[in-house]
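Colleague: Next up, my_file03.cif (mmCIF, C-alpha atoms).
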```cif
data_coords
loop_
_atom_site.label_atom_id
_atom_site.label_comp_id
_atom_site.auth_asym_id
_atom_site.auth_seq_id
_atom_site.Cartn_x
_atom_site.Cartn_y
_atom_site.Cartn_z
CA MET I 56 94.64 102.02 45.02
CA GLY I 57 97.66 101.80 42.76
CA GLN I 58 96.30 104.44 40.38
CA LEU I 59 97.78 107.92 40.11
CA VAL I 60 95.03 110.48 40.74
CA GLY I 61 95.99 114.11 41.26
CA LYS I 62 94.25 116.89 43.16
CA PRO I 63 93.67 120.44 41.86
CA GLY I 64 96.82 122.55 42.16
CA GLU I 65 98.95 119.61 43.18
CA THR I 66 102.36 119.02 41.60
CA LEU I 67 103.15 115.67 40.02
CA THR I 68 105.74 115.00 42.73
CA GLU I 69 103.16 115.60 45.47
CA THR I 70 100.60 113.42 43.67
CA LEU I 71 103.17 110.63 43.47
CA ARG I 72 104.16 111.08 47.10
CA ARG I 73 100.54 110.96 48.29
CA THR I 74 99.69 107.98 46.09
CA LEU I 75 102.73 106.00 47.18
CA LEU I 76 102.14 106.83 50.83
CA GLU I 77 98.60 105.48 50.70
CA MET I 78 99.82 102.39 48.86
CA ILE I 79 102.41 101.80 51.58
CA VAL I 80 100.17 102.25 54.61
CA PHE I 81 97.06 100.56 53.25
CA GLY I 82 98.85 97.35 52.35
CA TYR I 83 99.32 97.55 48.58
CA PHE I 84 102.96 96.57 49.09
CA ASP I 85 104.09 93.73 51.34
CA ARG I 86 106.29 94.49 54.33
CA GLY I 87 109.88 94.84 53.23
CA PHE I 88 108.92 95.44 49.58
CA ARG I 89 111.50 97.36 47.57
CA LEU I 90 110.50 100.38 45.52
CA TYR I 91 112.48 101.08 42.35
CA PRO I 92 112.11 104.47 40.59
CA ASP I 93 112.26 102.99 37.08
CA LYS I 94 109.55 100.41 37.75
CA LEU I 95 107.29 102.94 39.46
CA ALA I 96 107.77 105.42 36.64
CA GLU I 97 106.73 102.75 34.17
CA GLN I 98 103.72 101.77 36.29
CA PHE I 99 102.43 105.35 36.52
CA GLY I 100 103.46 106.43 33.02
CA VAL I 101 105.68 109.29 34.17
CA SER I 102 109.38 110.14 34.04
CA GLN I 103 111.73 108.95 36.76
CA THR I 104 112.56 112.47 38.02
CA PRO I 105 109.29 113.18 39.91
CA VAL I 106 109.25 109.59 41.12
CA ARG I 107 112.72 110.00 42.61
CA GLU I 108 111.70 113.30 44.19
CA ALA I 109 108.62 111.69 45.73
CA LEU I 110 110.66 108.77 47.07
CA MET I 111 113.25 111.10 48.56
CA ARG I 112 110.49 113.01 50.37
CA LEU I 113 109.02 109.79 51.74
CA ALA I 114 112.48 108.75 52.88
CA SER I 115 113.04 112.08 54.65
CA GLU I 116 109.69 111.61 56.41
CA GLY I 117 110.71 108.15 57.59
CA TYR I 118 108.22 106.03 55.63
CA ILE I 119 110.86 104.35 53.47
CA GLU I 120 114.64 103.88 53.63
CA ALA I 121 117.13 104.25 50.80
CA VAL I 122 119.25 101.15 50.18
CA GLN I 123 122.37 101.79 48.10
CA ARG I 124 121.88 100.53 44.54
CA ARG I 125 118.81 98.59 45.69
CA GLY I 126 115.99 101.12 45.60
CA TYR I 127 113.98 101.95 48.69
CA HIS I 128 112.91 99.65 51.51
CA ILE I 129 109.49 100.10 53.16
CA ARG I 130 109.97 100.76 56.86
CA THR I 131 107.92 100.17 59.97
CA PRO I 132 107.32 103.40 61.93
CA SER I 133 109.74 104.10 64.76
CA ALA I 134 108.65 104.63 68.36
CA LYS I 135 110.01 108.19 68.13
CA GLN I 136 107.83 108.95 65.07
CA VAL I 137 104.79 107.76 66.97
CA LEU I 138 105.66 109.67 70.15
CA ASP I 139 106.45 112.88 68.25
CA LEU I 140 103.17 112.76 66.36
CA TRP I 141 101.02 111.99 69.39
CA GLN I 142 102.64 114.83 71.34
CA VAL I 143 101.87 117.29 68.54
CA ARG I 144 98.36 115.93 68.25
CA LEU I 145 97.75 116.42 71.99
CA GLY I 146 98.88 120.03 71.88
CA LEU I 147 96.72 120.84 68.87
CA GLU I 148 93.59 119.18 70.24
CA LEU I 149 93.97 120.81 73.65
CA ALA I 150 94.21 124.21 71.98
CA ALA I 151 91.31 123.50 69.62
CA GLY I 152 88.98 122.43 72.41
CA GLU I 153 89.78 125.46 74.55
CA ILE I 154 89.16 127.81 71.62
CA ALA I 155 85.91 126.01 70.81
CA ILE I 156 84.73 126.50 74.41
CA GLU I 157 85.63 130.19 74.21
CA ARG I 158 83.55 130.44 71.03
CA LEU I 159 80.62 128.66 72.68
CA GLU I 160 80.75 131.13 75.57
CA ALA I 161 80.99 134.09 73.20
CA GLY I 162 78.10 132.83 71.06
CA THR I 163 80.20 132.63 67.89
CA LEU I 164 79.84 128.84 67.97
CA LEU I 165 76.39 127.34 68.47
CA SER I 166 75.90 124.26 70.63
CA GLY I 167 74.11 122.60 67.73
CA GLN I 168 77.40 122.53 65.85
CA LEU I 169 78.56 119.89 68.32
CA ASP I 170 75.87 117.52 67.05
CA GLN I 171 78.14 116.29 64.27
CA LEU I 172 80.41 114.78 66.91
CA ASP I 173 77.52 112.69 68.21
CA HIS I 174 76.60 111.71 64.66
CA ILE I 175 80.13 110.41 64.07
CA ARG I 176 80.09 108.61 67.43
CA ALA I 177 76.84 106.88 66.47
CA GLN I 178 78.42 105.55 63.29
CA LEU I 179 81.47 104.31 65.17
CA GLU I 180 79.34 102.53 67.77
CA ALA I 181 76.61 101.17 65.46
CA ASP I 182 78.18 97.79 64.69
CA PRO I 183 81.52 97.42 66.49
CA ASP I 184 81.79 93.69 65.75
CA HIS I 185 81.73 94.22 61.98
CA ILE I 186 83.07 97.70 61.29
CA GLU I 187 85.96 97.62 58.83
CA HIS I 188 89.32 98.89 60.00
CA ARG I 189 89.70 101.59 57.36
CA ARG I 190 86.18 102.90 58.01
CA LYS I 191 86.82 102.94 61.76
CA LEU I 192 90.02 104.92 61.28
CA GLY I 193 88.30 107.28 58.86
CA LEU I 194 85.44 108.01 61.28
CA ASN I 195 87.82 108.43 64.20
CA THR I 196 89.90 110.89 62.17
CA GLU I 197 86.70 112.75 61.20
CA PHE I 198 85.71 113.00 64.87
CA HIS I 199 88.98 114.61 65.89
CA GLN I 200 89.17 116.81 62.81
CA HIS I 201 85.72 118.16 63.63
CA ILE I 202 86.86 119.12 67.13
CA VAL I 203 89.72 121.06 65.56
CA ALA I 204 87.36 122.61 63.00
CA LEU I 205 85.13 123.88 65.82
CA SER I 206 87.99 126.16 66.85
CA GLY I 207 87.47 128.17 63.67
CA ASN I 208 91.24 128.74 63.60
CA ASP I 209 92.36 128.25 60.01
CA MET I 210 96.05 127.82 60.86
CA LEU I 211 95.29 125.24 63.53
CA ILE I 212 93.03 123.37 61.13
CA SER I 213 95.68 123.38 58.41
CA ILE I 214 98.43 122.13 60.71
CA TYR I 215 96.24 119.37 62.11
CA SER I 216 95.19 118.14 58.67
CA GLY I 217 98.87 117.79 57.78
CA ILE I 218 99.72 115.28 60.50
CA GLN I 219 97.77 112.49 58.77
CA MET I 220 96.64 110.56 61.83
CA GLN I 221 94.57 108.10 59.80
CA LEU I 222 97.51 107.10 57.63
CA LEU I 223 99.84 106.53 60.55
CA GLY I 224 97.15 104.62 62.43
CA GLU I 225 96.65 102.28 59.50
CA TRP I 226 100.41 101.92 59.05
CA ILE I 227 100.93 100.91 62.69
CA GLN I 228 97.90 98.62 62.94
CA ARG I 229 98.11 96.94 59.54
CA GLY I 230 97.41 93.23 59.86
CA LEU I 231 96.58 93.45 63.59
CA GLN I 232 93.18 92.98 65.26
CA SER I 233 94.02 94.50 68.66
CA TRP I 234 92.24 97.74 67.71
CA ARG I 235 88.82 96.05 67.83
CA LYS I 236 89.17 95.26 71.55
CA ARG I 237 89.54 98.96 72.29
CA LEU I 238 86.30 100.15 70.73
CA ASP I 239 84.35 100.22 74.01
CA ASN I 240 87.04 102.30 75.72
CA GLU I 241 87.23 104.66 72.75
CA ALA I 242 83.46 105.12 72.79
CA GLU I 243 83.53 106.09 76.49
CA GLU I 244 86.43 108.47 75.93
CA HIS I 245 84.75 110.13 72.96
CA ALA I 246 81.56 110.57 75.00
CA ALA I 247 83.53 112.27 77.80
CA ILE I 248 85.17 114.65 75.32
CA VAL I 249 81.84 115.71 73.84
CA ALA I 250 80.23 116.06 77.27
CA ALA I 251 83.02 118.39 78.38
CA LEU I 252 82.60 120.55 75.30
CA ARG I 253 78.84 120.77 75.79
CA ALA I 254 79.36 121.70 79.46
CA ARG I 255 81.96 124.31 78.40
CA ASP I 256 84.23 122.82 81.04
CA ARG I 257 87.87 123.46 80.18
CA ASP I 258 89.28 121.29 82.97
CA ALA I 259 87.04 118.36 82.08
CA TYR I 260 87.92 118.71 78.40
CA SER I 261 91.64 118.81 79.15
CA ALA I 262 91.37 115.71 81.34
CA ALA I 263 89.26 113.83 78.80
CA ILE I 264 91.51 114.56 75.83
CA ARG I 265 94.65 113.74 77.83
CA ILE I 266 93.21 110.40 78.92
CA HIS I 267 92.11 109.56 75.39
CA ILE I 268 95.32 110.50 73.60
CA GLY I 269 97.49 109.07 76.37
CA ARG I 270 95.76 105.70 76.13
CA SER I 271 95.92 105.90 72.33
CA LEU I 272 99.68 106.50 72.47
CA LYS I 273 100.23 103.54 74.80
CA ASP I 274 98.24 101.29 72.46
CA ALA I 275 100.03 102.61 69.38
CA LEU I 276 103.41 101.80 70.91
CA GLY I 277 102.11 98.35 71.83
CA ASP I 278 100.92 97.78 68.26
CA LEU I 279 104.28 98.94 66.97
CA ASN I 280 106.04 96.41 69.18
CA SER I 281 103.70 93.70 67.89
CA GLN I 282 104.55 94.65 64.30
CA GLU I 283 108.26 94.38 65.07
CA GLN I 284 107.71 90.87 66.44
CA ARG I 285 105.96 89.69 63.27
CA PRO I 286 108.07 87.85 60.67
CA ASP I 287 108.55 89.63 57.32
#
```
Would you mind giving the structure from this file in structure tokens?
Modeller:
Amino acid sequence: MGQLVGKPGETLTETLRRTLLEMIVFGYFDRGFRLYPDKLAEQFGVSQTPVREALMRLASEGYIEAVQRRGYHIRTPSAKQVLDLWQVRLGLELAAGEIAIERLEAGTLLSGQLDQLDHIRAQLEADPDHIEHRRKLGLNTEFHQHIVALSGNDMLISIYSGIQMQLLGEWIQRGLQSWRKRLDNEAEEHAAIVAALRARDRDAYSAAIRIHIGRSLKDALGDLNSQEQRPD
């Protein structure tokens, strides 16, 4: 973290944006830290222009806030950002699960391809008292991404990958331990989701995913409120 590492075909501005975003949400900067284009350009060994472009993009996305003549201020997510994202997530996962069930019924998706979901669940549940937060978020994201991947719908997969659930989860929960108390509930909810897919039961899947994401939204808003109560 803190090192600029690009991906194939990625512009320098996008590399800077992605790097800075991960630095923000995974705690590289303290809450309230100010980002200055000249200092960041010097740190990464690049010109100020792509740095400014990356910062402007992050500001437009709500991760940071421009302060006149004082750089950019790292923000806490707003309740609206959280609600908007969870609503989009629900719609995408409902669609993905229904398409996956259609594919199971048509034989274009084999039931064995659901086994990866159980493999991820096993890792999440193996040692709940000691699992690290970032690993938990990563496995949880992998679980939901695999559900979307089972749809076989490239556009749906692309859109879902762009909402960056893991990053927002880390951003909201940074410094909190409330997430660990929810692991048992999450395990039960994940099991219900997989069971519905295996049974090819659309109604059960819809109910399971709505319960899971609804509870997740409530907890996210609670975590957000806790963050706002913490001193800077």
Colleague: I'd like the contact shell of Leu238 of chain I - 9 Å cut-off, only C-alpha atoms, skipping same-chain residues fewer than 6 positions apart - returned as a list in words.
Modeller: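 So the residues in contact are Leu179, Glu180 and Pro183 of chain I.
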Colleague: Quick one: write out the picked residues with C-alpha atoms as a short mmCIF file (atom, residue, chain, number, x, y, z; two decimals), in the frame of the given file?
Modeller:
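Result file is out-v1.cif:
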```cif
data_model
loop_
_atom_site.label_atom_id
_atom_site.label_comp_id
_atom_site.auth_asym_id
_atom_site.auth_seq_id
_atom_site.Cartn_x
_atom_site.Cartn_y
_atom_site.Cartn_z
CA LEU I 179 81.47 104.31 65.17
CA GLU I 180 79.34 102.53 67.77
CA PRO I 183 81.52 97.42 66.49
#
```
Colleague: Out of I:Arg89, I:Arg237, I:His245, I:His185, which residue has the shortest atom-to-atom distance to Lys273 of chain I when counting all atoms listed in the file?
Modeller: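 Closest to Lys273 of chain I of all the choices is I:Arg237.
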Colleague: Here is a test: counting all atoms listed in the file, which residue of I:Thr70, I:Asn280, I:Thr163, I:Gln171 is nearest to Ser133 of chain I?
Modeller: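 That would be I:Asn280, the residue with the smallest distance to Ser133 of chain I.
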Colleague: I'd like to know which of I:Ser213, I:Ser115, I:Ser261, I:Gln98 is closest to Leu149 of chain I, using only C-alpha atoms.
Modeller: I:Ser261
Colleague: How far is it from atom CA of Arg270 of chain I to atom CA of Gly230 of chain I, in Å with one decimal?
Modeller: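 We find that atom CA of Arg270 of chain I and atom CA of Gly230 of chain I lie 20.6 Å from each other.
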Colleague: Run the PyMOL selection byres ((chain I and resi 137) around 9) mentally over the shown coordinates, then write out the matched residues as a list in words, using the chain letters and numbers from the document.
Modeller: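 Listing what the PyMOL selection byres ((chain I and resi 137) around 9) selects in the shown file: Pro132, Ser133, Ala134, Lys135, Gln136, Leu138, Asp139, Leu140, Trp141, Gln142, Leu223, Ile227, Leu272, Ala275, Leu276 and Leu279 of chain I.
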Colleague: Calculated over only C-alpha atoms, which of the candidates I:Ile212, I:Ile186, I:Leu110, I:Leu205 has the smallest distance to Ser166 of chain I?
Modeller: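 When distances to Ser166 of chain I are compared using only C-alpha atoms, the smallest one comes from I:Leu205.
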